[in-house]
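Okay, structure first, notes after.
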Amino acid sequence: MYHQIDAAPAKGTPFRQLTTTPNNFYRQMIWLARIGYRGVSVRELAPYVKGERQGRVFGITFDDGFQNVYRNALPILRQFGFTATCFFVSGQVGGFNRWDAEIGVPYAPCMSRQEMLDWAAAGNEIGSHTVDHVHLTQANPWIALNQIAGSRAQLEDMAGTAIVSFCYPYGDVSSDVRDIVRDAGYSFATTTRKGRASSGDDPLLLPRRNVCLGDGWLTTLRKTILGRPVAS
């Protein structure tokens, strides 16, 4: 699980650890490739998680749809022949991280519609992250439905392709919210619960491991391949 791929923010910046530098991201990918692993999107990962296919793969996800992912991560993914899922806040395609403004996270532009289309044309997956990046368990069911189903409809309209993967903003999920995601037509959804996805997991509650600012390639390997919690 990644968010921004960019230069490290100043110390003291809220959620600073959710940024990975381009150089660090490159080193993480090259070492995973060297030991024989291939990075894939959530959609491509699904048959491996279900046990329908075998192979040395790991899922790569980016939350929020930041433009720096397009500029800094996409060329690296292309270099290694990897794919990934980017979960877009549909109401901010071509916008910025408005949801972060109140907590002091610096302004960061989101991908434009054309950049999102370029992302998909490179073999990557477009996923949904609600319309406005809201806390779903704090919203009434009608608003939650509009955020979840509305985002899917908007992204499908913009991209002209089926959207099957969802990501719960802030990892904020309940059984009711999970069921709304199911009823909205998604096949997969990711959480912030730490762990390795397996055939025993609910496909609408898939775990992930967050890659933090200070994680070097070895720490990332331990998190993704060995599944060990490592201090960052």
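Just remember, in the structure tokens the first chain shown is A, the second B, etc., residues are 1-based per chain, and ligands are 1-based in the order shown.
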Each stretch 62-171 of chain A residue no farther than 10 Å from stretch 190-195 of chain A, nearest pair in Å, only C-alpha atoms, as JSON lines:
{"residue": "A:Phe87", "atom": "CA", "partner": "A:Thr190", "partner_atom": "CA", "distance": 9.8}
{"residue": "A:His129", "atom": "CA", "partner": "A:Thr190", "partner_atom": "CA", "distance": 10.0}
{"residue": "A:Ser165", "atom": "CA", "partner": "A:Thr190", "partner_atom": "CA", "distance": 8.0}
{"residue": "A:Phe166", "atom": "CA", "partner": "A:Thr190", "partner_atom": "CA", "distance": 6.5}
{"residue": "A:Cys167", "atom": "CA", "partner": "A:Thr190", "partner_atom": "CA", "distance": 4.9}
{"residue": "A:Tyr168", "atom": "CA", "partner": "A:Thr191", "partner_atom": "CA", "distance": 6.0}
{"residue": "A:Pro169", "atom": "CA", "partner": "A:Thr191", "partner_atom": "CA", "distance": 8.4}
{"residue": "A:Tyr170", "atom": "CA", "partner": "A:Thr192", "partner_atom": "CA", "distance": 7.5}
{"residue": "A:Gly171", "atom": "CA", "partner": "A:Thr192", "partner_atom": "CA", "distance": 4.9}
So which residues touch A:Asn210 within 10 Å, counting only C-alpha atoms, skipping near sequence neighbours fewer than 3 positions away, as a PDB file with N, CA and C atoms, in the first residue's frame?
ATOM      1  N   MET A   1       0.837  -1.191   0.000  1.00  0.00           N
ATOM      2  CA  MET A   1       0.000   0.000   0.000  1.00  0.00           C
ATOM      3  C   MET A   1       0.872   1.240   0.000  1.00  0.00           C
ATOM      4  N   TYR A   2       0.750   2.018  -1.058  1.00  0.00           N
ATOM      5  CA  TYR A   2       1.444   3.296  -1.182  1.00  0.00           C
ATOM      6  C   TYR A   2       0.412   4.416  -1.287  1.00  0.00           C
ATOM      7  N   HIS A   3       0.878   5.651  -1.072  1.00  0.00           N
ATOM      8  CA  HIS A   3       0.056   6.830  -1.285  1.00  0.00           C
ATOM      9  C   HIS A   3       0.748   7.761  -2.289  1.00  0.00           C
ATOM     10  N   GLN A  17       4.805   9.960   6.770  1.00  0.00           N
ATOM     11  CA  GLN A  17       5.231   8.588   6.507  1.00  0.00           C
ATOM     12  C   GLN A  17       4.512   7.943   5.327  1.00  0.00           C
ATOM     13  N   LEU A  18       3.443   8.587   4.834  1.00  0.00           N
ATOM     14  CA  LEU A  18       2.706   8.013   3.707  1.00  0.00           C
ATOM     15  C   LEU A  18       3.304   8.389   2.356  1.00  0.00           C
ATOM     16  N   THR A  61      -0.685  -1.319  -4.663  1.00  0.00           N
ATOM     17  CA  THR A  61      -1.804  -0.381  -4.676  1.00  0.00           C
ATOM     18  C   THR A  61      -1.330   1.010  -4.293  1.00  0.00           C
ATOM     19  N   THR A 192      -6.978  -1.394   5.475  1.00  0.00           N
ATOM     20  CA  THR A 192      -5.659  -1.072   6.029  1.00  0.00           C
ATOM     21  C   THR A 192      -5.248  -2.105   7.078  1.00  0.00           C
ATOM     22  N   ARG A 193      -6.005  -3.185   7.173  1.00  0.00           N
ATOM     23  CA  ARG A 193      -5.623  -4.262   8.089  1.00  0.00           C
ATOM     24  C   ARG A 193      -4.317  -4.885   7.617  1.00  0.00           C
ATOM     25  N   LYS A 194      -3.355  -5.001   8.526  1.00  0.00           N
ATOM     26  CA  LYS A 194      -2.039  -5.503   8.155  1.00  0.00           C
ATOM     27  C   LYS A 194      -2.067  -7.016   7.977  1.00  0.00           C
ATOM     28  N   GLY A 195      -1.509  -7.484   6.877  1.00  0.00           N
ATOM     29  CA  GLY A 195      -1.438  -8.912   6.650  1.00  0.00           C
ATOM     30  C   GLY A 195      -1.242  -9.241   5.192  1.00  0.00           C
ATOM     31  N   PRO A 207      -6.464  -7.611   3.245  1.00  0.00           N
ATOM     32  CA  PRO A 207      -5.459  -6.899   4.034  1.00  0.00           C
ATOM     33  C   PRO A 207      -4.344  -6.364   3.143  1.00  0.00           C
ATOM     34  N   LEU A 213       7.697   5.897   4.619  1.00  0.00           N
ATOM     35  CA  LEU A 213       8.797   6.732   4.137  1.00  0.00           C
ATOM     36  C   LEU A 213      10.156   6.132   4.452  1.00  0.00           C
ATOM     37  N   ASP A 215      10.995   3.014   4.994  1.00  0.00           N
ATOM     38  CA  ASP A 215      11.187   1.607   4.647  1.00  0.00           C
ATOM     39  C   ASP A 215      12.180   1.465   3.494  1.00  0.00           C
ATOM     40  N   THR A 220      10.881  -3.589   3.077  1.00  0.00           N
ATOM     41  CA  THR A 220       9.753  -3.821   2.180  1.00  0.00           C
ATOM     42  C   THR A 220       9.647  -5.290   1.801  1.00  0.00           C
ATOM     43  N   LYS A 223       8.132  -7.147   4.701  1.00  0.00           N
ATOM     44  CA  LYS A 223       6.700  -6.889   4.832  1.00  0.00           C
ATOM     45  C   LYS A 223       5.889  -7.617   3.770  1.00  0.00           C
ATOM     46  N   THR A 224       6.352  -7.539   2.523  1.00  0.00           N
ATOM     47  CA  THR A 224       5.539  -8.039   1.420  1.00  0.00           C
ATOM     48  C   THR A 224       5.687  -9.533   1.195  1.00  0.00           C
TER      49      THR A 224
END
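Comparing A:Leu218, A:Ala122, A:Val177, A:Met116 by their smallest distance to A:Leu204, the closest is A:Val177 (using only C-alpha atoms).
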**Message:** Which residues are near A:Cys86? Cut-off 6 Å, only C-alpha atoms, ignore same chain within fewer than 6 positions. Put them as a PyMOL selection string.
**Reply:** chain A and resi 61-63+65+126-127
Filtering to N, CA and C atoms, could you give me those residues as a PDB file, in the first residue's frame?
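Written out: again35.pdb:
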ATOM      1  N   THR A  61      -0.685  -1.319  -4.663  1.00  0.00           N
ATOM      2  CA  THR A  61      -1.804  -0.381  -4.676  1.00  0.00           C
ATOM      3  C   THR A  61      -1.330   1.010  -4.293  1.00  0.00           C
ATOM      4  N   PHE A  62      -2.001   2.002  -4.872  1.00  0.00           N
ATOM      5  CA  PHE A  62      -1.769   3.410  -4.548  1.00  0.00           C
ATOM      6  C   PHE A  62      -3.117   4.026  -4.199  1.00  0.00           C
ATOM      7  N   ASP A  63      -3.227   4.592  -3.011  1.00  0.00           N
ATOM      8  CA  ASP A  63      -4.472   5.230  -2.603  1.00  0.00           C
ATOM      9  C   ASP A  63      -4.500   6.697  -3.035  1.00  0.00           C
ATOM     10  N   GLY A  65      -4.977   8.544  -5.908  1.00  0.00           N
ATOM     11  CA  GLY A  65      -4.869   9.012  -7.291  1.00  0.00           C
ATOM     12  C   GLY A  65      -3.984  10.221  -7.481  1.00  0.00           C
ATOM     13  N   ILE A 126      -7.757   0.898 -12.648  1.00  0.00           N
ATOM     14  CA  ILE A 126      -8.421   2.025 -12.002  1.00  0.00           C
ATOM     15  C   ILE A 126      -9.368   1.461 -10.951  1.00  0.00           C
ATOM     16  N   GLY A 127      -9.175   1.865  -9.708  1.00  0.00           N
ATOM     17  CA  GLY A 127     -10.052   1.455  -8.622  1.00  0.00           C
ATOM     18  C   GLY A 127     -10.759   2.659  -8.030  1.00  0.00           C
TER      19      GLY A 127
END
DSSP alpha helix (DSSP H) residues within stretch 45-216 of chain A, listed as a PDB file with C-alpha atoms, in the first residue's frame:
ATOM      1  CA  LEU A  45      -3.782 -10.714  -8.062  1.00  0.00           C
ATOM      2  CA  ALA A  46      -7.233 -12.189  -7.419  1.00  0.00           C
ATOM      3  CA  PRO A  47      -6.736 -15.645  -9.034  1.00  0.00           C
ATOM      4  CA  TYR A  48      -3.455 -16.077  -7.131  1.00  0.00           C
ATOM      5  CA  VAL A  49      -5.119 -15.222  -3.823  1.00  0.00           C
ATOM      6  CA  GLN A  67      -0.359  12.953  -9.901  1.00  0.00           C
ATOM      7  CA  ASN A  68       3.090  12.150  -8.485  1.00  0.00           C
ATOM      8  CA  LEU A  74       4.388   4.749 -13.588  1.00  0.00           C
ATOM      9  CA  PRO A  75       7.755   4.884 -15.419  1.00  0.00           C
ATOM     10  CA  ILE A  76       9.245   2.497 -12.851  1.00  0.00           C
ATOM     11  CA  LEU A  77       6.337   0.084 -13.140  1.00  0.00           C
ATOM     12  CA  ARG A  78       6.728   0.141 -16.911  1.00  0.00           C
ATOM     13  CA  GLN A  79      10.471  -0.525 -16.622  1.00  0.00           C
ATOM     14  CA  PHE A  80       9.879  -3.751 -14.699  1.00  0.00           C
ATOM     15  CA  ARG A 113      -8.687  12.334 -16.551  1.00  0.00           C
ATOM     16  CA  GLN A 114      -6.147  11.965 -19.369  1.00  0.00           C
ATOM     17  CA  GLU A 115      -3.451  10.849 -16.938  1.00  0.00           C
ATOM     18  CA  MET A 116      -5.878   8.334 -15.457  1.00  0.00           C
ATOM     19  CA  LEU A 117      -6.589   7.013 -18.945  1.00  0.00           C
ATOM     20  CA  ASP A 118      -2.839   6.796 -19.640  1.00  0.00           C
ATOM     21  CA  TRP A 119      -2.464   4.878 -16.363  1.00  0.00           C
ATOM     22  CA  ALA A 120      -5.030   2.332 -17.523  1.00  0.00           C
ATOM     23  CA  ALA A 121      -3.619   2.172 -21.069  1.00  0.00           C
ATOM     24  CA  PRO A 141     -26.340   4.606   4.690  1.00  0.00           C
ATOM     25  CA  TRP A 142     -27.749   6.741   1.871  1.00  0.00           C
ATOM     26  CA  ILE A 143     -24.660   8.981   1.762  1.00  0.00           C
ATOM     27  CA  ALA A 144     -22.383   5.948   2.004  1.00  0.00           C
ATOM     28  CA  LEU A 145     -24.187   4.346  -0.933  1.00  0.00           C
ATOM     29  CA  ASN A 146     -23.880   7.525  -3.006  1.00  0.00           C
ATOM     30  CA  GLN A 147     -20.169   7.760  -2.198  1.00  0.00           C
ATOM     31  CA  ILE A 148     -19.480   4.109  -3.033  1.00  0.00           C
ATOM     32  CA  ALA A 149     -21.770   3.534  -6.024  1.00  0.00           C
ATOM     33  CA  GLY A 150     -21.422   7.106  -7.278  1.00  0.00           C
ATOM     34  CA  SER A 151     -17.659   6.844  -7.479  1.00  0.00           C
ATOM     35  CA  ARG A 152     -17.895   3.646  -9.494  1.00  0.00           C
ATOM     36  CA  ALA A 153     -20.368   5.228 -11.910  1.00  0.00           C
ATOM     37  CA  GLN A 154     -18.254   8.373 -12.338  1.00  0.00           C
ATOM     38  CA  LEU A 155     -15.045   6.455 -12.947  1.00  0.00           C
ATOM     39  CA  GLU A 156     -16.686   4.069 -15.389  1.00  0.00           C
ATOM     40  CA  ASP A 157     -18.058   7.060 -17.273  1.00  0.00           C
ATOM     41  CA  MET A 158     -14.639   8.751 -17.364  1.00  0.00           C
ATOM     42  CA  ALA A 159     -12.646   5.627 -18.191  1.00  0.00           C
ATOM     43  CA  SER A 175     -20.070  -5.027   8.082  1.00  0.00           C
ATOM     44  CA  ASP A 176     -22.785  -2.678   6.818  1.00  0.00           C
ATOM     45  CA  VAL A 177     -20.315  -0.661   4.721  1.00  0.00           C
ATOM     46  CA  ARG A 178     -18.825  -3.883   3.356  1.00  0.00           C
ATOM     47  CA  ASP A 179     -22.289  -5.002   2.253  1.00  0.00           C
ATOM     48  CA  ILE A 180     -22.928  -1.679   0.501  1.00  0.00           C
ATOM     49  CA  VAL A 181     -19.678  -2.197  -1.427  1.00  0.00           C
ATOM     50  CA  ARG A 182     -20.871  -5.679  -2.419  1.00  0.00           C
ATOM     51  CA  ASP A 183     -24.285  -4.418  -3.473  1.00  0.00           C
TER      52      ASP A 183
END
**Request:** Apply DSSP to the backbone of this structure and, from stretch 37-84 of chain A, keep only the residues in strand (DSSP E); write these as a ChimeraX atom specification.
**Result:** /A:38-40,57-59,61-64
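If only C-alpha atoms are the atoms counted, then among A:Ile225, A:Val89, A:Val105, A:Ala189 the closest residue to A:Ile35 is A:Ile225.
Proximity ranking of A:Thr83, A:Thr137, A:Thr219, A:Ser128 relative to A:Arg38 places A:Thr83 first, based on only C-alpha atoms.
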**Message:** Just want the 12 Å neighbourhood of A:Phe15, counted on only C-alpha atoms, with same-chain residues fewer than 4 positions away dropped. Output as a list in words.
**Reply:** His3, Gln4, Ala8, Pro9, Ala10, Lys11, Thr19, Thr20, Asp100, Ile103, Gly104, Val105, Pro106, Tyr170, Cys212 and Leu213 of chain A
